[in-house]
Structure formats: structure tokens, C-alpha cells
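Structure file run_24.csv (CSV, C-alpha atoms and all ligand atoms) is printed below.
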chain,number,residue,atom,x,y,z
P,3,MET,CA,0.0,0.0,0.0
P,4,ALA,CA,1.1,3.5,-0.7
P,5,THR,CA,2.0,5.5,2.3
P,6,ALA,CA,-0.1,8.4,3.6
P,7,ASP,CA,2.6,10.9,2.4
P,8,GLN,CA,2.5,9.4,-1.1
P,9,ILE,CA,-1.2,9.8,-1.3
P,10,ARG,CA,-1.0,13.4,-0.1
P,11,SER,CA,1.7,14.1,-2.7
P,12,LEU,CA,-0.6,12.5,-5.4
P,13,VAL,CA,-3.5,14.8,-4.5
P,14,LYS,CA,-1.2,17.8,-4.4
P,15,ALA,CA,0.2,17.1,-7.8
P,16,TYR,CA,-3.3,16.5,-9.2
P,17,SER,CA,-4.6,19.8,-7.8
P,18,GLN,CA,-1.5,21.7,-9.2
P,19,HIS,CA,-2.0,20.0,-12.6
P,20,ASP,CA,1.6,18.9,-12.4
P,21,ASP,CA,1.7,15.7,-14.5
P,22,GLN,CA,5.3,15.1,-14.0
P,23,LYS,CA,5.1,15.4,-10.3
P,24,PHE,CA,2.1,13.0,-10.3
P,25,LYS,CA,4.1,10.5,-12.4
P,26,THR,CA,7.1,10.8,-10.1
P,27,VAL,CA,5.0,9.9,-7.1
P,28,VAL,CA,3.4,7.0,-8.9
P,29,LEU,CA,6.8,5.7,-9.8
P,30,GLN,CA,7.9,6.1,-6.2
P,31,ILE,CA,5.0,3.9,-5.2
P,32,VAL,CA,6.1,1.4,-7.9
P,33,ALA,CA,9.5,1.3,-6.3
P,34,HIS,CA,8.0,1.0,-2.9
P,35,GLU,CA,5.7,-1.9,-3.9
P,36,ALA,CA,8.6,-3.7,-5.7
P,37,LYS,CA,10.7,-3.5,-2.6
P,38,LEU,CA,7.8,-5.1,-0.6
P,39,GLY,CA,7.9,-8.0,-3.0
P,40,HIS,CA,4.7,-7.0,-4.8
P,41,GLY,CA,6.4,-7.5,-8.1
P,42,SER,CA,3.5,-8.0,-10.5
P,43,PHE,CA,1.4,-5.2,-9.0
P,44,ALA,CA,4.4,-2.9,-9.3
P,45,GLN,CA,4.9,-3.9,-12.9
P,46,GLU,CA,1.2,-3.2,-13.8
P,47,LEU,CA,1.2,0.1,-12.0
P,48,LYS,CA,4.3,1.1,-13.9
P,49,LYS,CA,2.7,0.2,-17.2
P,50,ASP,CA,-0.3,2.4,-16.3
P,51,ALA,CA,2.0,5.2,-15.3
P,52,SER,CA,3.7,5.3,-18.6
P,53,SER,CA,0.9,7.2,-20.2
P,54,ILE,CA,0.7,9.9,-17.5
P,55,GLY,CA,1.5,13.3,-18.9
P,56,LYS,CA,2.7,12.1,-22.3
P,57,SER,CA,2.8,15.5,-24.0
P,58,ALA,CA,3.9,16.7,-27.4
P,59,THR,CA,7.1,18.0,-25.9
P,60,ILE,CA,8.2,14.6,-24.7
P,61,PHE,CA,7.4,13.2,-28.1
P,62,LYS,CA,9.4,15.9,-29.8
P,63,MET,CA,12.3,15.3,-27.5
P,64,GLN,CA,12.5,11.7,-28.2
P,65,ASN,CA,13.1,12.2,-31.8
P,66,SER,CA,15.5,15.1,-31.7
P,67,ASN,CA,16.6,16.1,-28.2
P,68,PRO,CA,19.7,18.3,-28.7
P,69,MET,CA,20.9,17.3,-25.2
P,70,LEU,CA,21.1,13.6,-26.1
P,71,GLN,CA,23.5,12.3,-28.7
P,72,MET,CA,22.4,8.8,-29.8
P,73,SER,CA,24.7,6.1,-31.2
P,74,MET,CA,24.7,2.4,-31.6
P,75,PRO,CA,28.2,1.4,-30.6
P,76,SER,CA,29.9,-1.9,-31.4
P,77,VAL,CA,32.6,-2.7,-28.9
P,78,GLU,CA,33.1,-6.0,-27.1
P,79,LEU,CA,34.0,-6.4,-23.5
P,80,THR,CA,37.1,-8.5,-24.6
P,81,GLU,CA,38.5,-5.3,-26.1
P,82,LEU,CA,38.8,-3.6,-22.6
P,83,PHE,CA,42.1,-4.2,-20.9
P,84,THR,CA,41.8,-3.6,-17.2
P,85,ASP,CA,41.5,-5.2,-13.8
P,86,ASP,CA,39.6,-8.5,-13.5
P,87,SER,CA,37.4,-6.8,-10.9
P,88,VAL,CA,36.3,-4.2,-13.5
P,89,HIS,CA,35.4,-7.0,-15.9
P,90,SER,CA,33.4,-8.9,-13.4
P,91,LYS,CA,31.5,-5.8,-12.4
P,92,ILE,CA,30.6,-5.1,-16.0
P,93,GLU,CA,29.6,-8.8,-16.5
P,94,ARG,CA,27.4,-8.6,-13.5
P,95,ILE,CA,25.5,-5.5,-14.9
P,96,LEU,CA,25.0,-7.4,-18.2
P,97,LEU,CA,23.8,-10.6,-16.4
P,98,GLU,CA,21.3,-8.7,-14.2
P,99,TYR,CA,20.0,-6.7,-17.1
P,100,ARG,CA,19.4,-9.9,-19.2
P,101,ASN,CA,17.6,-11.5,-16.2
P,102,ARG,CA,15.8,-8.4,-15.0
P,103,ASN,CA,12.3,-9.9,-15.4
P,104,LYS,CA,13.3,-12.9,-13.4
P,105,LEU,CA,14.6,-10.6,-10.6
P,106,TYR,CA,11.6,-8.4,-10.8
P,107,LYS,CA,9.3,-11.3,-10.1
P,108,SER,CA,11.1,-11.7,-6.7
P,109,GLY,CA,10.8,-8.0,-6.0
P,110,LEU,CA,14.4,-7.3,-6.9
P,111,SER,CA,15.7,-4.9,-9.5
P,112,ASN,CA,18.8,-5.2,-11.7
P,113,ARG,CA,21.7,-2.9,-10.9
P,114,ARG,CA,21.4,-0.1,-13.4
P,115,LYS,CA,22.7,3.1,-11.8
P,116,ILE,CA,26.4,2.9,-12.1
P,117,LEU,CA,29.2,5.3,-11.2
P,118,LEU,CA,32.5,5.0,-13.0
P,119,GLU,CA,35.5,6.7,-11.5
P,120,GLY,CA,39.2,6.8,-12.2
P,121,ALA,CA,42.1,8.4,-14.2
P,122,PRO,CA,41.5,9.8,-17.7
P,123,GLY,CA,41.9,7.4,-20.6
P,124,THR,CA,41.3,4.2,-18.6
P,125,GLY,CA,38.1,3.1,-20.4
P,126,LYS,CA,35.2,4.8,-18.6
P,127,THR,CA,33.5,6.2,-21.7
P,128,MET,CA,34.4,3.0,-23.5
P,129,THR,CA,32.6,1.0,-20.9
P,130,ALA,CA,29.3,2.8,-21.6
P,131,SER,CA,29.7,1.8,-25.3
P,132,ILE,CA,30.5,-1.8,-24.3
P,133,ILE,CA,27.4,-2.1,-22.1
P,134,ALA,CA,25.2,-0.6,-24.9
P,135,SER,CA,26.8,-2.8,-27.5
P,136,GLU,CA,26.6,-6.0,-25.5
P,137,LEU,CA,23.0,-5.4,-24.6
P,138,GLN,CA,22.1,-4.1,-28.1
P,139,LEU,CA,20.7,-0.9,-26.6
P,140,PRO,CA,21.2,2.6,-28.0
P,141,LEU,CA,23.7,4.8,-26.2
P,142,TYR,CA,22.5,8.2,-25.3
P,143,THR,CA,25.3,10.5,-24.3
P,144,VAL,CA,24.1,13.6,-22.5
P,145,GLN,CA,25.6,16.7,-23.8
P,146,MET,CA,26.6,18.2,-20.5
P,147,ASP,CA,27.4,21.6,-22.0
P,148,LYS,CA,23.9,21.9,-23.4
P,149,LEU,CA,22.4,20.8,-20.1
P,150,VAL,CA,23.7,23.4,-17.8
P,151,THR,CA,22.4,27.0,-18.3
P,152,LYS,CA,22.6,30.1,-16.2
P,153,PHE,CA,19.1,29.5,-15.1
P,154,MET,CA,18.6,27.0,-12.4
P,155,GLY,CA,14.9,26.4,-13.3
P,156,GLU,CA,15.8,25.8,-17.0
P,157,THR,CA,18.6,23.4,-16.1
P,158,SER,CA,16.2,21.5,-13.9
P,159,SER,CA,13.6,21.2,-16.5
P,160,ARG,CA,16.2,19.9,-19.0
P,161,LEU,CA,17.3,17.3,-16.5
P,162,ARG,CA,13.7,16.3,-16.1
P,163,GLN,CA,13.3,15.9,-19.8
P,164,ILE,CA,16.3,13.6,-20.0
P,165,PHE,CA,15.0,11.5,-17.1
P,166,ASP,CA,11.5,11.3,-18.8
P,167,SER,CA,13.2,10.1,-21.9
P,168,MET,CA,14.8,7.2,-20.0
P,169,ASP,CA,11.2,6.0,-19.5
P,170,THR,CA,10.0,6.4,-23.0
P,171,SER,CA,13.2,5.4,-24.9
P,172,ALA,CA,15.1,2.6,-23.1
P,173,GLY,CA,18.8,2.8,-23.5
P,174,VAL,CA,22.1,3.4,-21.8
P,175,TYR,CA,22.3,7.0,-20.7
P,176,LEU,CA,25.8,8.3,-20.2
P,177,PHE,CA,26.5,11.5,-18.1
P,178,ASP,CA,30.1,11.7,-19.0
P,179,GLU,CA,32.3,13.8,-16.7
P,180,PHE,CA,29.1,14.7,-14.9
P,181,ASP,CA,31.0,16.6,-12.2
P,182,ALA,CA,31.1,19.4,-14.8
P,183,ILE,CA,27.7,20.1,-13.3
P,184,GLY,CA,29.2,21.1,-10.0
P,185,ALA,CA,32.6,22.3,-11.2
P,186,ASP,CA,31.8,25.7,-12.7
P,187,ARG,CA,32.8,28.0,-9.9
P,188,LEU,CA,31.9,31.1,-11.9
P,189,MET,CA,28.3,30.0,-12.0
P,190,ASP,CA,28.3,28.9,-8.4
P,191,ASN,CA,27.0,32.2,-7.1
P,192,GLU,CA,26.4,33.0,-3.5
P,193,VAL,CA,23.3,30.9,-3.2
P,194,GLY,CA,25.2,27.8,-4.3
P,195,GLU,CA,23.2,27.1,-7.4
P,196,MET,CA,25.5,24.6,-9.0
P,197,ARG,CA,25.5,22.6,-5.9
P,198,ARG,CA,21.8,22.6,-6.0
P,199,ILE,CA,21.8,21.5,-9.6
P,200,LEU,CA,24.1,18.7,-8.8
P,201,ASN,CA,21.9,17.7,-5.9
P,202,SER,CA,18.9,17.7,-8.0
P,203,PHE,CA,20.7,15.5,-10.6
P,204,LEU,CA,21.5,13.0,-7.9
P,205,GLN,CA,17.9,13.2,-6.7
P,206,PHE,CA,16.6,12.4,-10.2
P,207,ILE,CA,19.0,9.4,-10.3
P,208,GLU,CA,17.7,8.2,-6.9
P,209,ASN,CA,14.1,8.4,-7.9
P,210,ASP,CA,14.4,6.9,-11.4
P,211,VAL,CA,12.7,3.6,-11.9
P,212,SER,CA,13.0,3.3,-15.7
P,213,ASP,CA,14.4,0.3,-17.5
P,214,SER,CA,17.3,2.3,-18.8
P,215,ILE,CA,20.9,2.0,-17.5
P,216,ILE,CA,22.3,5.2,-16.1
P,217,ILE,CA,26.0,5.7,-16.2
P,218,ALA,CA,27.8,8.6,-14.6
P,219,ALA,CA,31.5,8.9,-15.2
P,220,THR,CA,34.0,11.1,-13.4
P,221,ASN,CA,37.8,11.7,-13.4
P,222,ASN,CA,37.5,13.6,-10.2
P,223,PRO,CA,38.1,11.5,-7.0
P,224,LYS,CA,36.9,14.5,-5.0
P,225,MET,CA,33.4,13.7,-6.2
P,226,LEU,CA,33.4,10.5,-4.2
P,227,ASP,CA,31.7,11.3,-1.0
P,228,LYS,CA,29.2,9.0,0.8
P,229,ALA,CA,26.2,11.0,-0.2
P,230,LEU,CA,27.1,10.3,-3.8
P,231,PHE,CA,27.8,6.6,-3.4
P,232,ARG,CA,24.5,5.8,-1.9
P,233,ARG,CA,22.6,6.9,-5.0
P,234,PHE,CA,24.3,4.3,-7.2
P,235,ASP,CA,23.8,0.5,-7.4
P,236,ASP,CA,27.5,0.0,-8.1
P,237,VAL,CA,30.7,1.9,-8.4
P,238,ILE,CA,33.5,0.8,-10.7
P,239,HIS,CA,37.0,2.1,-10.1
P,240,TYR,CA,39.4,2.4,-13.0
P,241,GLU,CA,43.2,2.4,-12.9
P,242,LEU,CA,46.2,2.8,-15.1
P,243,PRO,CA,47.2,-0.5,-16.6
P,244,ASN,CA,49.7,-2.8,-14.8
P,245,ASP,CA,52.5,-4.6,-16.7
P,246,ALA,CA,50.4,-7.6,-17.7
P,247,GLN,CA,47.6,-5.3,-19.1
P,248,ILE,CA,50.2,-3.2,-21.0
P,249,LYS,CA,51.3,-6.4,-22.7
P,250,GLN,CA,47.8,-7.6,-23.4
P,251,LEU,CA,46.9,-4.3,-24.9
P,252,PHE,CA,49.9,-4.1,-27.2
P,253,ASP,CA,49.6,-7.7,-28.2
P,254,TYR,CA,46.0,-7.2,-29.1
P,255,LYS,CA,46.4,-3.8,-30.9
P,256,LEU,CA,49.5,-4.9,-32.8
P,257,GLU,CA,48.4,-8.3,-33.8
P,258,GLY,CA,49.5,-9.0,-37.3
P,259,TYR,CA,52.4,-6.5,-37.1
P,260,GLN,CA,54.6,-8.5,-34.9
P,261,ASP,CA,55.2,-12.1,-33.6
P,262,GLY,CA,54.2,-11.4,-30.0
P,263,SER,CA,57.8,-10.7,-28.8
P,264,ILE,CA,57.6,-6.9,-29.1
P,265,CYS,CA,56.7,-6.3,-25.5
P,266,SER,CA,60.2,-6.5,-24.1
P,267,LYS,CA,60.9,-5.5,-20.5
P,268,GLU,CA,62.1,-2.1,-21.8
P,269,VAL,CA,58.8,-1.5,-23.7
P,270,ILE,CA,56.9,-2.2,-20.5
P,271,GLU,CA,59.1,0.1,-18.5
P,272,ALA,CA,58.6,2.9,-21.1
P,273,ALA,CA,54.9,2.4,-21.0
P,274,ARG,CA,54.4,2.5,-17.2
P,275,GLY,CA,52.3,5.4,-16.1
P,276,LEU,CA,50.6,6.0,-19.4
P,277,SER,CA,46.9,5.3,-19.7
P,278,GLN,CA,45.3,2.7,-22.0
P,279,ALA,CA,44.1,5.6,-24.2
P,280,GLU,CA,47.7,6.8,-24.6
P,281,LEU,CA,49.0,3.3,-25.3
P,282,THR,CA,46.3,2.9,-27.9
P,283,ILE,CA,47.5,6.1,-29.7
P,284,VAL,CA,51.1,4.8,-29.5
P,285,ALA,CA,50.1,1.5,-31.0
P,286,GLU,CA,48.3,3.2,-33.8
P,287,ASP,CA,51.2,5.6,-34.5
P,288,ALA,CA,53.5,2.6,-34.7
P,289,MET,CA,51.2,0.9,-37.3
P,290,LYS,CA,51.1,4.2,-39.2
P,291,GLU,CA,54.9,4.4,-39.3
P,292,SER,CA,55.2,0.9,-40.5
P,293,ILE,CA,52.6,1.5,-43.3
P,294,LEU,CA,53.7,5.0,-44.4
P,295,TYR,CA,57.5,4.6,-44.1
P,296,GLY,CA,57.8,0.8,-44.4
P,297,LYS,CA,59.6,1.0,-41.1
P,298,ASN,CA,60.4,-2.3,-39.4
P,299,PHE,CA,58.4,-3.0,-36.4
P,300,ASN,CA,60.6,-3.4,-33.3
P,301,SER,CA,60.8,-2.6,-29.7
P,302,LEU,CA,63.0,0.4,-30.2
P,303,MET,CA,60.5,2.1,-32.3
P,304,LEU,CA,57.8,1.5,-29.8
P,305,ILE,CA,60.0,2.8,-27.0
P,306,SER,CA,60.7,6.0,-28.8
P,307,LEU,CA,57.0,6.6,-29.5
P,308,LEU,CA,56.2,5.9,-25.8
P,309,ASN,CA,58.9,8.4,-24.7
P,310,ASP,CA,57.4,11.0,-27.1
P,311,ARG,CA,54.0,10.5,-25.5
P,312,ARG,CA,55.3,10.7,-22.0
P,313,ASN,CA,57.2,13.9,-22.8
P,314,ASN,CA,54.0,15.4,-24.2
P,315,TYR,CA,52.2,14.3,-21.1
P,316,VAL,CA,54.8,15.7,-18.8
P,317,SER,CA,54.9,19.1,-20.5
P,318,ARG,CA,51.1,19.2,-20.5
P,319,GLU,CA,51.0,18.6,-16.8
P,320,ALA,CA,53.6,21.2,-16.0
A,1,LIG,N1,40.9,-0.1,-20.6
A,1,LIG,C1,41.1,0.1,-21.9
A,1,LIG,N2,41.2,-1.0,-22.7
A,1,LIG,C2,41.4,-0.8,-24.1
A,1,LIG,N3,41.3,0.4,-24.7
A,1,LIG,C3,41.2,1.5,-23.9
A,1,LIG,C4,41.0,1.4,-22.5
A,1,LIG,N4,40.8,2.6,-22.0
A,1,LIG,C5,40.9,3.5,-23.0
A,1,LIG,N5,41.0,2.8,-24.2
A,1,LIG,C6,41.1,3.4,-25.5
A,1,LIG,O1,41.2,4.8,-25.3
A,1,LIG,C7,40.0,5.5,-25.9
A,1,LIG,C8,39.6,6.6,-24.9
A,1,LIG,O2,39.3,6.0,-23.6
A,1,LIG,P1,38.0,6.5,-22.8
A,1,LIG,O3,37.1,5.4,-22.6
A,1,LIG,O4,37.4,7.7,-23.4
A,1,LIG,O5,38.7,6.9,-21.4
A,1,LIG,P2,38.0,7.7,-20.2
A,1,LIG,O6,36.6,7.8,-20.4
A,1,LIG,O7,38.3,6.8,-19.0
A,1,LIG,O8,38.8,8.9,-20.0
A,1,LIG,C9,39.0,4.3,-26.0
A,1,LIG,O9,38.1,4.6,-27.0
A,1,LIG,C10,39.9,3.2,-26.3
A,1,LIG,O10,40.3,3.2,-27.7
A,2,MG,MG,35.7,9.7,-20.8

Serialized structure, C-alpha cells:
Amino acid sequence: MATADQIRSLVKAYSQHDDQKFKTVVLQIVAHEAKLGHGSFAQELKKDASSIGKSATIFKMQNSNPMLQMSMPSVELTELFTDDSVHSKIERILLEYRNRNKLYKSGLSNRRKILLEGAPGTGKTMTASIIASELQLPLYTVQMDKLVTKFMGETSSRLRQIFDSMDTSAGVYLFDEFDAIGADRLMDNEVGEMRRILNSFLQFIENDVSDSIIIAATNNPKMLDKALFRRFDDVIHYELPNDAQIKQLFDYKLEGYQDGSICSKEVIEAARGLSQAELTIVAEDAMKESILYGKNFNSLMLISLLNDRRNNYVSREA
């Protein structure tokens, strides 16, 4: 049964003609019932709720929402070189999604609100593509720059549109580098508006009961406070590659160009501290050199490219 507070909120939303609010409360009741183990009732109520407040604007948005960039990526999990723990967490997300109806019948829901955190270039954005690709779902990347405006009210209503879209168009929704929401100090005026926008974003995540998968990615470890963690079903931590992963990545990327012996101890040493994204660029540069200049593929060439990369990196950091 819905709680007294929920019923009051429903009546309030009705009297204010606020369809979205009404729907949000109904979906909260859905979540509440599902938690109590009333799976089939929750599912039916959710179906009924899907028609609440379906307005022309939502329809328009679905087709051409400038805040959402849609793609159908094709990348496999085997192409991601990272810790086993990251792999098993991704596999778990896929498994639970594929069996979500089974889970639902027991009042459980699949893990679908995921926070990705770690150094740049370690595969966070790629992970969103992998999940979409493995589940054959469209990937909707939220254009964070179009989302945030000077006006708190407008930003909130854009956020609401995106979360509505999760209900009407199932997919993987990626808020890439979402901490941009909270980071713009210039816009963070004395009333702490950016902070409020970030909080309302987190609130939307918490309340969402759609079938879509929500992925928020950040390079910024400062984001990771307890309040943030509890909104997500899982957190995946990404790290720079270790020696074994450096070798796996080069062997995979350079397959066909070498006999598997290219990853000498010296190559690994030169590669340490670079991200998977940087190693990918080095591997591609090496292939280009061999194609364009007929250069022989060898460890020395790779080491020199790695050192170039590192020097760029160091001067960028300085
Ligand atoms: N763990 C990884 N395994 C294989 N390739 C990777 C990995 N991480 C990054 N890459 C390569 O670098 C590119 C950029 O990485 P990206 O996923 O955007 O990093 P992040 O979002 O963590 O900054 C990817 O498209 C992929 O080609
Ligand atoms: Mg990224």
C-alpha cells in the first residue's frame, strides 16, 4: 500500500495540474511496492503510469533532443584491458539486465545506476559503449554543456526531460564527466546554485525507476563522498594498466604486425604510467609508421613513441 505521504503528494500534484510530479510519485509507489515484494502489482502500475503526462514536448524530444546524442556502438568487453574486478562488475551488470524480469518477479531490480570513477583514458567512456553494445541498446550521451544553463529552473527542466526520456526510450544514458555540473565555480553564485543542480541531478537518479541503464562517469576523485555513493547501485574504479595489461593491450592492438615478442621489458618500462588511451595512440602511431614509411616493427620504435608520448604528457601537466 502507498503511504499516507505518497497519497497526499498525489493529491497535491493533481490539484496543481503537475503531471510530471504526479508521475514521479506514482513511480515512487512502484519502487516501494517492488521492494515489498509485490512485483506483479508494481509492474502493472508502472505500465499504467507510462501514459501519464505524455505530452507533445516529450514526443518531440524523443526524436531530436539536442541534449542527447544517440549512437549504436559496437565494442566488445574483450577489447577492454583492465583489472579483472572491473570486468566482473561489468559482466554482473549485463547478467542482471538480461535477467531483470526474473529478478523483478522476486521483488528485486537489476543494478542499473552505475558510477565510473578513475584516471582519464582508462576506459570509462568506452565501458558505456561496451554495455550498450553487449545489450544491443542505443547509447544516449548527455551533452553536459547543453544541459547546464545560467538558469537553475531551466537546467532542472532539461534534466527532467532527460529522465523522462529514459522511461520512453530505453537505452544506456551516459552522463560523461558529470562533475562538470558542480565544477563551474563562476556559475556557483552566493546561493550555491551549481551545488543545487548537482543535488537535483542526484535526486533524479535516486528516484528513477525506468528500465534504462544510467552511467555517470568522473575523473575527479573529490566527487566521491558517501552521499554520492548511496545513489548508485554499483561503483567501478578504473586504474592505469599494470605490466600484464600493458602487454595484453599491445599484443591485441599490434596483432598481425609482430610475432608477440615486441613487448620487451624495456617497452613495458617505457609504457608504465601511461593510460590505456595513450597506449592505444602509440600502437596506432606505430602501425602508421610501418605502413607509411615501411619501417620495421621493433621494440626500439615503440619505446621511442612511448617516450614521445610521455614527454607530451609531462609538458602538459607542467
Ligand atoms: N581499458 C582500456 N582498454 C582498451 N582500450 C582503452 C581502455 N581505456 C581506454 N582505451 C582506449 O582509449 C580510448 C579513450 O578512452 P575513454 O574510454 O574515453 O577513457 P576515459 O573515459 O576513462 O577517459 C578508448 O576509446 C579506447 O580506444
Ligand atoms: Mg571519458

Legend entry - Who sits within 12 Å of Lys290 in chain P, only C-alpha atoms, same chain under 4 positions skipped, as a VMD selection string: chain P and resid 256 259 283 to 286 294 to 299 303 to 304 307

Would you tabulate, counting all atoms listed in the file, all residues of range 96-118 of chain P that have an atom at most 8 Å from an atom of range 31-44 of chain P, showing the closest pair of atoms and their distance in Å to one decimal, sorted by chain then ascending number, as a tab-separated table?
residue	atom	partner	partner_atom	distance
P:Tyr106	CA	P:Gly41	CA	5.9
P:Lys107	CA	P:Gly41	CA	5.2
P:Ser108	CA	P:Gly39	CA	6.1
P:Gly109	CA	P:Gly39	CA	4.2
P:Leu110	CA	P:Lys37	CA	6.8

Go through chain P residue by residue and, counting only C-alpha atoms and all ligand atoms, keep those with an atom at most 7 Å from ligand MG 2 (chain A); for each kept residue give the shortest atom pair and its distance in Å to one decimal, ordered by chain and increasing number, as CSV.
residue,atom,partner,partner_atom,distance
P:Pro122,CA,A:MG2,MG,6.6
P:Gly123,CA,A:MG2,MG,6.6
P:Lys126,CA,A:MG2,MG,5.4
P:Thr127,CA,A:MG2,MG,4.2
P:Asp178,CA,A:MG2,MG,6.2
P:Glu179,CA,A:MG2,MG,6.7

Proximity check chain P to ligand LIG 1 (chain A), 6 Å, nearest pairs one decimal Å, all atoms listed in the file, as JSON lines:
{"residue": "P:Glu81", "atom": "CA", "partner": "A:LIG1", "partner_atom": "C2", "distance": 5.7}
{"residue": "P:Leu82", "atom": "CA", "partner": "A:LIG1", "partner_atom": "N2", "distance": 3.5}
{"residue": "P:Phe83", "atom": "CA", "partner": "A:LIG1", "partner_atom": "N2", "distance": 3.8}
{"residue": "P:Thr84", "atom": "CA", "partner": "A:LIG1", "partner_atom": "N1", "distance": 5.0}
{"residue": "P:Pro122", "atom": "CA", "partner": "A:LIG1", "partner_atom": "O8", "distance": 3.7}
{"residue": "P:Gly123", "atom": "CA", "partner": "A:LIG1", "partner_atom": "O5", "distance": 3.3}
{"residue": "P:Thr124", "atom": "CA", "partner": "A:LIG1", "partner_atom": "N4", "distance": 3.8}
{"residue": "P:Gly125", "atom": "CA", "partner": "A:LIG1", "partner_atom": "N4", "distance": 3.2}
{"residue": "P:Lys126", "atom": "CA", "partner": "A:LIG1", "partner_atom": "O7", "distance": 3.7}
{"residue": "P:Thr127", "atom": "CA", "partner": "A:LIG1", "partner_atom": "O6", "distance": 3.7}
{"residue": "P:Met128", "atom": "CA", "partner": "A:LIG1", "partner_atom": "O3", "distance": 3.7}
{"residue": "P:Gln278", "atom": "CA", "partner": "A:LIG1", "partner_atom": "N4", "distance": 4.5}
{"residue": "P:Ala279", "atom": "CA", "partner": "A:LIG1", "partner_atom": "O1", "distance": 3.2}
{"residue": "P:Thr282", "atom": "CA", "partner": "A:LIG1", "partner_atom": "C6", "distance": 5.7}

Inset, instruction - Would you work out the distance separating CA of Ala229 in chain P from CA of Tyr142 in chain P, expressed in Å to one decimal? - result: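 Those two atoms sit 25.5 Å apart.
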
Inset, instruction - Report the distance between CA of Leu97 in chain P and CA of Ile164 in chain P in Å, rounded to one decimal place. - result: 25.6 Å

Legend entry - Distance criterion (all atoms listed in the file): nearest to Ile54 in chain P out of P:Thr170, P:Ser87, P:Arg160, P:Ala6: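 Selected residue with least distance to Ile54 in chain P: P:Thr170.
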